[in-house]
file structure.cif (mmCIF, C-alpha atoms, pLDDT in the B column; chains and numbers go by the auth columns)
data_model
#
loop_
_atom_site.group_PDB
_atom_site.id
_atom_site.type_symbol
_atom_site.label_atom_id
_atom_site.label_comp_id
_atom_site.label_asym_id
_atom_site.label_seq_id
_atom_site.Cartn_x
_atom_site.Cartn_y
_atom_site.Cartn_z
_atom_site.B_iso_or_equiv
_atom_site.auth_seq_id
_atom_site.auth_asym_id
ATOM 1 C CA MET A 1 -6.691 -5.031 23.156 48.00 1 X
ATOM 2 C CA ASN A 2 -9.302 -6.496 20.835 54.00 2 X
ATOM 3 C CA HIS A 3 -12.547 -4.629 20.288 50.00 3 X
ATOM 4 C CA PRO A 4 -15.561 -6.900 20.922 56.00 4 X
ATOM 5 C CA ASN A 5 -17.166 -6.090 17.529 57.00 5 X
ATOM 6 C CA VAL A 6 -14.014 -6.573 15.442 50.00 6 X
ATOM 7 C CA PRO A 7 -12.961 -10.133 14.612 52.00 7 X
ATOM 8 C CA THR A 8 -9.348 -11.101 15.283 50.00 8 X
ATOM 9 C CA HIS A 9 -9.288 -13.257 12.142 50.00 9 X
ATOM 10 C CA ILE A 10 -11.228 -12.816 8.929 59.00 10 X
ATOM 11 C CA PRO A 11 -11.683 -15.912 6.748 56.00 11 X
ATOM 12 C CA GLY A 12 -10.033 -15.631 3.360 62.00 12 X
ATOM 13 C CA LEU A 13 -7.318 -13.192 4.448 55.00 13 X
ATOM 14 C CA THR A 14 -3.970 -14.952 4.318 56.00 14 X
ATOM 15 C CA HIS A 15 -1.515 -12.034 4.201 50.00 15 X
ATOM 16 C CA LEU A 16 -2.696 -9.918 7.140 51.00 16 X
ATOM 17 C CA GLY A 17 -0.867 -11.027 10.275 51.00 17 X
ATOM 18 C CA SER A 18 1.284 -13.513 8.378 54.00 18 X
ATOM 19 C CA GLN A 19 4.882 -13.652 9.573 62.00 19 X
ATOM 20 C CA GLY A 20 6.075 -15.478 6.455 70.00 20 X
ATOM 21 C CA THR A 21 5.259 -12.870 3.829 74.00 21 X
ATOM 22 C CA GLN A 22 6.402 -13.863 0.348 78.00 22 X
ATOM 23 C CA TYR A 23 6.954 -10.935 -1.998 77.00 23 X
ATOM 24 C CA PRO A 24 5.964 -11.586 -5.622 82.00 24 X
ATOM 25 C CA THR A 25 8.799 -11.354 -8.154 82.00 25 X
ATOM 26 C CA ASP A 26 6.558 -10.235 -11.033 88.00 26 X
ATOM 27 C CA TYR A 27 3.118 -8.749 -11.621 93.00 27 X
ATOM 28 C CA ASP A 28 0.579 -10.847 -9.713 94.00 28 X
ATOM 29 C CA PRO A 29 -3.046 -9.742 -9.190 95.00 29 X
ATOM 30 C CA ALA A 30 -3.717 -13.088 -7.459 95.00 30 X
ATOM 31 C CA VAL A 31 -2.184 -11.715 -4.231 96.00 31 X
ATOM 32 C CA LEU A 32 -5.106 -9.291 -3.812 97.00 32 X
ATOM 33 C CA GLU A 33 -7.585 -10.167 -1.070 96.00 33 X
ATOM 34 C CA THR A 34 -10.882 -8.662 0.012 97.00 34 X
ATOM 35 C CA PHE A 35 -12.989 -8.431 3.116 96.00 35 X
ATOM 36 C CA GLU A 36 -16.612 -7.489 3.656 96.00 36 X
ATOM 37 C CA ASN A 37 -17.609 -3.818 3.801 97.00 37 X
ATOM 38 C CA ARG A 38 -19.262 -3.402 7.190 96.00 38 X
ATOM 39 C CA HIS A 39 -21.069 -0.210 6.064 98.00 39 X
ATOM 40 C CA PRO A 40 -22.511 -0.893 2.589 97.00 40 X
ATOM 41 C CA ASP A 41 -25.414 1.454 3.391 97.00 41 X
ATOM 42 C CA LEU A 42 -23.032 4.444 3.373 97.00 42 X
ATOM 43 C CA ASP A 43 -21.130 6.223 0.639 97.00 43 X
ATOM 44 C CA TYR A 44 -17.594 6.847 1.845 98.00 44 X
ATOM 45 C CA MET A 45 -14.211 7.161 0.215 98.00 45 X
ATOM 46 C CA VAL A 46 -11.245 4.937 1.009 98.00 46 X
ATOM 47 C CA LYS A 47 -7.895 6.442 0.032 98.00 47 X
ATOM 48 C CA PHE A 48 -4.544 4.716 -0.294 98.00 48 X
ATOM 49 C CA ASN A 49 -1.323 6.683 -0.715 97.00 49 X
ATOM 50 C CA CYS A 50 1.505 4.508 -1.980 96.00 50 X
ATOM 51 C CA PRO A 51 4.625 6.714 -2.223 96.00 51 X
ATOM 52 C CA GLU A 52 7.104 3.970 -3.167 95.00 52 X
ATOM 53 C CA PHE A 53 5.699 2.406 -6.342 97.00 53 X
ATOM 54 C CA THR A 54 8.263 1.037 -8.800 95.00 54 X
ATOM 55 C CA SER A 55 7.891 -0.475 -12.250 96.00 55 X
ATOM 56 C CA LEU A 56 10.204 -0.931 -15.220 95.00 56 X
ATOM 57 C CA CYS A 57 10.208 0.858 -18.555 93.00 57 X
ATOM 58 C CA PRO A 58 9.174 -1.831 -21.060 94.00 58 X
ATOM 59 C CA ILE A 59 11.661 -0.514 -23.625 93.00 59 X
ATOM 60 C CA THR A 60 14.808 0.351 -21.629 92.00 60 X
ATOM 61 C CA GLY A 61 14.282 -1.768 -18.519 93.00 61 X
ATOM 62 C CA GLN A 62 15.104 1.269 -16.366 93.00 62 X
ATOM 63 C CA PRO A 63 13.165 1.667 -13.117 94.00 63 X
ATOM 64 C CA ASP A 64 10.355 4.189 -12.852 95.00 64 X
ATOM 65 C CA PHE A 65 9.300 5.528 -9.455 96.00 65 X
ATOM 66 C CA ALA A 66 5.961 7.036 -8.492 97.00 66 X
ATOM 67 C CA ALA A 67 3.537 7.895 -5.759 97.00 67 X
ATOM 68 C CA ILE A 68 0.263 6.091 -6.455 97.00 68 X
ATOM 69 C CA TYR A 69 -3.064 7.383 -5.156 97.00 69 X
ATOM 70 C CA ILE A 70 -6.057 5.047 -5.106 98.00 70 X
ATOM 71 C CA ASN A 71 -9.494 6.261 -4.019 98.00 71 X
ATOM 72 C CA TYR A 72 -12.641 4.183 -4.073 98.00 72 X
ATOM 73 C CA ILE A 73 -16.197 4.019 -2.784 98.00 73 X
ATOM 74 C CA PRO A 74 -16.819 0.411 -1.740 98.00 74 X
ATOM 75 C CA GLU A 75 -19.930 -1.614 -2.449 98.00 75 X
ATOM 76 C CA THR A 76 -19.824 -4.938 -0.593 98.00 76 X
ATOM 77 C CA LEU A 77 -16.097 -5.764 -0.775 98.00 77 X
ATOM 78 C CA MET A 78 -12.953 -3.858 0.215 98.00 78 X
ATOM 79 C CA VAL A 79 -9.330 -4.526 -0.630 98.00 79 X
ATOM 80 C CA GLU A 80 -7.119 -5.609 2.263 97.00 80 X
ATOM 81 C CA SER A 81 -4.188 -3.184 2.556 95.00 81 X
ATOM 82 C CA LYS A 82 -1.337 -5.690 3.008 94.00 82 X
ATOM 83 C CA SER A 83 -2.446 -7.600 -0.074 95.00 83 X
ATOM 84 C CA LEU A 84 -2.596 -4.269 -1.932 97.00 84 X
ATOM 85 C CA LYS A 85 0.971 -3.537 -0.822 96.00 85 X
ATOM 86 C CA LEU A 86 2.115 -6.928 -2.125 96.00 86 X
ATOM 87 C CA TYR A 87 0.209 -6.374 -5.369 97.00 87 X
ATOM 88 C CA LEU A 88 1.792 -2.971 -5.953 97.00 88 X
ATOM 89 C CA PHE A 89 5.191 -4.465 -5.085 96.00 89 X
ATOM 90 C CA SER A 90 4.589 -7.067 -7.816 95.00 90 X
ATOM 91 C CA PHE A 91 5.050 -4.299 -10.414 96.00 91 X
ATOM 92 C CA ARG A 92 8.685 -3.879 -9.329 94.00 92 X
ATOM 93 C CA ASN A 93 10.011 -6.154 -12.086 92.00 93 X
ATOM 94 C CA HIS A 94 7.089 -5.576 -14.462 92.00 94 X
ATOM 95 C CA GLY A 95 7.664 -3.744 -17.718 93.00 95 X
ATOM 96 C CA GLY A 96 4.816 -1.335 -18.308 94.00 96 X
ATOM 97 C CA PHE A 97 4.337 2.231 -19.460 95.00 97 X
ATOM 98 C CA HIS A 98 3.086 4.583 -16.743 96.00 98 X
ATOM 99 C CA GLU A 99 -0.368 4.916 -18.290 97.00 99 X
ATOM 100 C CA ASP A 100 -0.717 1.164 -18.718 97.00 100 X
ATOM 101 C CA CYS A 101 0.232 0.455 -15.107 97.00 101 X
ATOM 102 C CA MET A 102 -2.423 2.867 -13.763 98.00 102 X
ATOM 103 C CA ASN A 103 -5.146 1.400 -15.990 98.00 103 X
ATOM 104 C CA VAL A 104 -4.155 -2.168 -15.082 98.00 104 X
ATOM 105 C CA ILE A 105 -4.335 -1.287 -11.370 98.00 105 X
ATOM 106 C CA LEU A 106 -7.778 0.267 -11.812 98.00 106 X
ATOM 107 C CA LYS A 107 -9.084 -2.704 -13.808 98.00 107 X
ATOM 108 C CA ASP A 108 -7.677 -5.279 -11.382 98.00 108 X
ATOM 109 C CA LEU A 109 -9.182 -3.516 -8.359 98.00 109 X
ATOM 110 C CA ARG A 110 -12.477 -2.952 -10.162 98.00 110 X
ATOM 111 C CA THR A 111 -12.672 -6.660 -11.030 98.00 111 X
ATOM 112 C CA LEU A 112 -11.705 -7.653 -7.492 98.00 112 X
ATOM 113 C CA MET A 113 -14.013 -5.416 -5.447 98.00 113 X
ATOM 114 C CA LYS A 114 -16.708 -4.197 -7.821 98.00 114 X
ATOM 115 C CA PRO A 115 -16.692 -0.758 -6.150 98.00 115 X
ATOM 116 C CA ARG A 116 -19.217 1.980 -6.798 98.00 116 X
ATOM 117 C CA PHE A 117 -16.424 4.335 -7.876 98.00 117 X
ATOM 118 C CA ILE A 118 -12.638 4.075 -8.207 98.00 118 X
ATOM 119 C CA GLU A 119 -9.813 6.340 -9.348 98.00 119 X
ATOM 120 C CA VAL A 120 -6.071 5.749 -9.650 98.00 120 X
ATOM 121 C CA GLN A 121 -3.381 8.343 -10.208 97.00 121 X
ATOM 122 C CA GLY A 122 0.359 7.983 -10.604 96.00 122 X
ATOM 123 C CA LYS A 123 2.758 10.853 -9.925 95.00 123 X
ATOM 124 C CA PHE A 124 5.965 9.611 -11.550 96.00 124 X
ATOM 125 C CA THR A 125 9.360 11.146 -10.915 94.00 125 X
ATOM 126 C CA PRO A 126 10.975 12.658 -13.994 91.00 126 X
ATOM 127 C CA ARG A 127 13.203 10.756 -16.355 85.00 127 X
ATOM 128 C CA GLY A 128 14.774 12.620 -19.227 83.00 128 X
ATOM 129 C CA GLY A 129 13.477 15.909 -17.853 85.00 129 X
ATOM 130 C CA ILE A 130 9.770 15.036 -17.958 88.00 130 X
ATOM 131 C CA SER A 131 7.337 13.588 -15.440 89.00 131 X
ATOM 132 C CA ILE A 132 4.150 11.748 -16.349 93.00 132 X
ATOM 133 C CA ASP A 133 1.094 11.765 -14.094 94.00 133 X
ATOM 134 C CA PRO A 134 -1.575 9.429 -15.541 96.00 134 X
ATOM 135 C CA TYR A 135 -5.059 9.474 -14.045 96.00 135 X
ATOM 136 C CA THR A 136 -7.884 7.006 -14.635 97.00 136 X
ATOM 137 C CA CYS A 137 -11.300 6.564 -13.042 98.00 137 X
ATOM 138 C CA TRP A 138 -14.482 4.541 -13.327 98.00 138 X
ATOM 139 C CA GLY A 139 -18.001 4.747 -11.912 98.00 139 X
ATOM 140 C CA GLU A 140 -20.699 2.087 -11.871 97.00 140 X
ATOM 141 C CA PRO A 141 -22.674 2.497 -15.149 97.00 141 X
ATOM 142 C CA GLY A 142 -26.184 3.859 -14.897 97.00 142 X
ATOM 143 C CA THR A 143 -25.620 5.366 -11.443 97.00 143 X
ATOM 144 C CA LYS A 144 -24.565 8.685 -9.960 98.00 144 X
ATOM 145 C CA TYR A 145 -21.065 7.189 -9.701 98.00 145 X
ATOM 146 C CA GLU A 146 -20.793 7.052 -13.488 98.00 146 X
ATOM 147 C CA ALA A 147 -21.556 10.782 -13.571 98.00 147 X
ATOM 148 C CA MET A 148 -19.083 11.332 -10.731 97.00 148 X
ATOM 149 C CA ALA A 149 -16.337 9.576 -12.704 97.00 149 X
ATOM 150 C CA ALA A 150 -17.065 11.664 -15.797 97.00 150 X
ATOM 151 C CA HIS A 151 -16.972 14.843 -13.709 96.00 151 X
ATOM 152 C CA ARG A 152 -13.728 13.853 -11.964 95.00 152 X
ATOM 153 C CA LEU A 153 -12.056 13.068 -15.279 95.00 153 X
ATOM 154 C CA GLN A 154 -13.250 16.293 -16.924 94.00 154 X
ATOM 155 C CA ASN A 155 -12.089 18.378 -13.972 91.00 155 X
ATOM 156 C CA HIS A 156 -8.898 16.525 -13.182 86.00 156 X
ATOM 157 C CA ASP A 157 -5.817 18.735 -12.858 80.00 157 X
ATOM 158 C CA LEU A 158 -7.506 21.913 -14.051 71.00 158 X
ATOM 159 C CA PHE A 159 -4.691 23.947 -12.535 71.00 159 X
ATOM 160 C CA PHE A 160 -0.973 23.483 -13.003 68.00 160 X
ATOM 161 C CA GLU A 161 0.722 22.221 -9.897 67.00 161 X
ATOM 162 C CA ASN A 162 3.751 23.808 -8.319 69.00 162 X
ATOM 163 C CA VAL A 163 6.395 21.171 -9.001 62.00 163 X
ATOM 164 C CA ASP A 164 9.193 21.966 -6.576 64.00 164 X
ATOM 165 C CA ASN A 165 9.770 18.616 -4.911 55.00 165 X
ATOM 166 C CA ARG A 166 10.823 16.465 -7.855 54.00 166 X
#
call {"tool": "encode", "arguments": {"input": "structure.cif", "output": "structure tokens"}}
result
Amino acid sequence: MNHPNVPTHIPGLTHLGSQGTQYPTDYDPAVLETFENRHPDLDYMVKFNCPEFTSLCPITGQPDFAAIYINYIPETLMVESKSLKLYLFSFRNHGGFHEDCMNVILKDLRTLMKPRFIEVQGKFTPRGGISIDPYTCWGEPGTKYEAMAAHRLQNHDLFFENVDNR
């Protein structure tokens, strides 16, 4: 049943509802799509948990697996979730170090949406007996969100986690 205040089709969104989804074979930020934030007067956090992220080591070509966490406070635009899924899938054959991938994701989403605040974290499974968990964030300069980003970065992972599931 359609809600009377929610459109059944949003102009500019080509992936959502498409039955002929084409998965990118390499890194492709062009698959990302946005829609209008219906509550730009409010500060609220949108969180994406992406537990099946895969990229390739740029040196060995071996696959790296991670859970990716993306949180953002929207301004006027929001990322459409199916396009985000396709975008993250586009890293599957992309050679990039863990830290690079997280910063590229943040920069691409920041360029796309121009959010008030955004943070991206990767929790990579171990290879060679070590796991890497890069974290990056950004807040709109000159605003409370810039201070929020600085605070989040300074206080990120203050306590060691109990790693018993990797």
call {"tool": "residues_around", "arguments": {"input": "structure.cif", "residues": "range 144-146 of chain X", "least_positions_apart": "4", "cutoff": "7 Å", "atoms": "all atoms listed in the file", "output": "PyMOL selection string"}}
result
chain X and resi 116-117+138-140+150
call {"tool": "residues_near_point", "arguments": {"input": "structure.cif", "point": "(-0.7, 5.1, -18.1)", "cutoff": "10 Å", "atoms": "all atoms listed in the file", "output": "list of chain:residue names"}}
result
X:Gly96, X:Phe97, X:His98, X:Glu99, X:Asp100, X:Cys101, X:Met102, X:Asn103, X:Val104, X:Ile105, X:Gln121, X:Gly122, X:Ile132, X:Asp133, X:Pro134, X:Tyr135, X:Thr136
call {"tool": "atom_distance", "arguments": {"input": "structure.cif", "atom1": "CA of Tyr27 in chain X", "atom2": "CA of Ile130 in chain X"}}
result
25.5 Å
call {"tool": "closest_residue", "arguments": {"input": "structure.cif", "among": "X:Phe35, X:Phe159, X:Phe91, X:Tyr23", "to": "Asp64 in chain X", "atoms": "only C-alpha atoms"}}
result
X:Phe91
call {"tool": "resolve_selection", "arguments": {"input": "structure.cif", "expression": "the PyMOL selection byres ((chain X and resi 72) around 6)", "output": "ChimeraX atom specification"}}
result
/X:45-46,71,73,117-118
call {"tool": "resolve_selection", "arguments": {"input": "structure.cif", "expression": "the PyMOL selection byres ((chain X and resi 58) around 8)", "output": "list of chain:residue names"}}
result
X:Leu56, X:Cys57, X:Ile59, X:Thr60, X:Gly61, X:His94, X:Gly95, X:Gly96, X:Phe97
call {"tool": "atom_distance", "arguments": {"input": "structure.cif", "atom1": "CA of Asp41 in chain X", "atom2": "CA of Tyr69 in chain X"}}
result
24.7 Å
call {"tool": "residues_around", "arguments": {"input": "structure.cif", "residues": "Thr54 in chain X", "least_positions_apart": "5", "cutoff": "8 Å", "atoms": "only C-alpha atoms", "output": "list in words"}}
result
Pro63, Asp64, Phe65, Ala66, Phe89, Phe91 and Arg92 of chain X
call {"tool": "atom_distance", "arguments": {"input": "structure.cif", "atom1": "CA of Asn155 in chain X", "atom2": "CA of Glu119 in chain X"}}
result
13.1 Å
call {"tool": "closest_residue", "arguments": {"input": "structure.cif", "among": "X:Arg110, X:Lys47, X:Asn93, X:Pro40", "to": "Thr76 in chain X", "atoms": "only C-alpha atoms"}}
result
X:Pro40
call {"tool": "build_atoms", "arguments": {"input": "structure.cif", "residues": "range 35-46 of chain X", "atoms": "all heavy atoms", "output": "short mmCIF file (atom, residue, chain, number, x, y, z; two decimals), keeping the file's coordinate frame"}}
result
data_model
loop_
_atom_site.label_atom_id
_atom_site.label_comp_id
_atom_site.auth_asym_id
_atom_site.auth_seq_id
_atom_site.Cartn_x
_atom_site.Cartn_y
_atom_site.Cartn_z
N PHE X 35 -12.18 -8.15 1.94
CA PHE X 35 -12.99 -8.43 3.12
C PHE X 35 -14.30 -7.68 2.97
O PHE X 35 -14.43 -6.79 2.12
CB PHE X 35 -12.27 -8.07 4.42
CG PHE X 35 -11.93 -6.60 4.56
CD1 PHE X 35 -12.78 -5.74 5.24
CD2 PHE X 35 -10.76 -6.09 4.00
CE1 PHE X 35 -12.47 -4.40 5.37
CE2 PHE X 35 -10.44 -4.76 4.13
CZ PHE X 35 -11.29 -3.90 4.81
N GLU X 36 -15.26 -8.04 3.77
CA GLU X 36 -16.61 -7.49 3.66
C GLU X 36 -16.67 -6.05 4.17
O GLU X 36 -16.15 -5.73 5.23
CB GLU X 36 -17.58 -8.36 4.46
CG GLU X 36 -19.03 -7.97 4.30
CD GLU X 36 -19.97 -8.89 5.07
OE1 GLU X 36 -19.65 -10.08 5.20
OE2 GLU X 36 -21.01 -8.40 5.53
N ASN X 37 -17.34 -5.19 3.39
CA ASN X 37 -17.61 -3.82 3.80
C ASN X 37 -18.67 -3.86 4.90
O ASN X 37 -19.77 -4.36 4.69
CB ASN X 37 -18.11 -3.01 2.60
CG ASN X 37 -18.50 -1.59 2.96
OD1 ASN X 37 -18.23 -1.11 4.06
ND2 ASN X 37 -19.12 -0.91 2.01
N ARG X 38 -18.34 -3.36 6.06
CA ARG X 38 -19.26 -3.40 7.19
C ARG X 38 -20.28 -2.25 7.16
O ARG X 38 -21.17 -2.19 8.00
CB ARG X 38 -18.48 -3.38 8.50
CG ARG X 38 -17.57 -4.63 8.60
CD ARG X 38 -16.84 -4.68 9.87
NE ARG X 38 -17.77 -5.13 10.89
CZ ARG X 38 -17.50 -5.19 12.18
NH1 ARG X 38 -16.32 -4.84 12.60
NH2 ARG X 38 -18.39 -5.61 13.04
N HIS X 39 -20.16 -1.36 6.17
CA HIS X 39 -21.07 -0.21 6.06
C HIS X 39 -21.53 0.00 4.62
O HIS X 39 -21.39 1.09 4.07
CB HIS X 39 -20.38 1.05 6.60
CG HIS X 39 -19.86 0.89 7.98
ND1 HIS X 39 -20.67 0.96 9.09
CD2 HIS X 39 -18.62 0.59 8.43
CE1 HIS X 39 -19.94 0.75 10.17
NE2 HIS X 39 -18.69 0.51 9.80
N PRO X 40 -22.11 -1.03 3.99
CA PRO X 40 -22.51 -0.89 2.59
C PRO X 40 -23.67 0.08 2.39
O PRO X 40 -23.94 0.49 1.26
CB PRO X 40 -22.91 -2.31 2.19
CG PRO X 40 -23.31 -2.96 3.47
CD PRO X 40 -22.42 -2.35 4.52
N ASP X 41 -24.31 0.50 3.47
CA ASP X 41 -25.41 1.45 3.39
C ASP X 41 -24.92 2.89 3.27
O ASP X 41 -25.70 3.80 3.01
CB ASP X 41 -26.31 1.32 4.63
CG ASP X 41 -25.55 1.52 5.93
OD1 ASP X 41 -24.41 0.99 6.05
OD2 ASP X 41 -26.08 2.19 6.84
N LEU X 42 -23.60 3.10 3.42
CA LEU X 42 -23.03 4.44 3.37
C LEU X 42 -22.13 4.62 2.16
O LEU X 42 -21.45 3.70 1.73
CB LEU X 42 -22.19 4.70 4.62
CG LEU X 42 -22.90 4.65 5.97
CD1 LEU X 42 -21.89 4.81 7.10
CD2 LEU X 42 -23.98 5.72 6.04
N ASP X 43 -22.14 5.83 1.62
CA ASP X 43 -21.13 6.22 0.64
C ASP X 43 -19.98 6.82 1.42
O ASP X 43 -20.16 7.78 2.18
CB ASP X 43 -21.67 7.29 -0.31
CG ASP X 43 -22.44 6.71 -1.47
OD1 ASP X 43 -22.34 5.49 -1.70
OD2 ASP X 43 -23.13 7.49 -2.15
N TYR X 44 -18.79 6.26 1.25
CA TYR X 44 -17.59 6.85 1.84
C TYR X 44 -16.40 6.48 1.00
O TYR X 44 -16.40 5.47 0.29
CB TYR X 44 -17.41 6.41 3.31
CG TYR X 44 -17.21 4.93 3.54
CD1 TYR X 44 -15.93 4.40 3.69
CD2 TYR X 44 -18.30 4.07 3.62
CE1 TYR X 44 -15.75 3.04 3.91
CE2 TYR X 44 -18.13 2.72 3.86
CZ TYR X 44 -16.85 2.22 4.00
OH TYR X 44 -16.67 0.87 4.23
N MET X 45 -15.40 7.33 1.04
CA MET X 45 -14.21 7.16 0.22
C MET X 45 -13.10 6.52 1.04
O MET X 45 -12.86 6.92 2.17
CB MET X 45 -13.75 8.51 -0.31
CG MET X 45 -12.67 8.46 -1.35
SD MET X 45 -13.23 8.05 -3.01
CE MET X 45 -14.04 9.56 -3.51
N VAL X 46 -12.44 5.54 0.44
CA VAL X 46 -11.24 4.94 1.01
C VAL X 46 -10.08 5.39 0.14
O VAL X 46 -10.15 5.29 -1.08
CB VAL X 46 -11.33 3.40 1.02
CG1 VAL X 46 -10.05 2.78 1.56
CG2 VAL X 46 -12.55 2.94 1.82
#
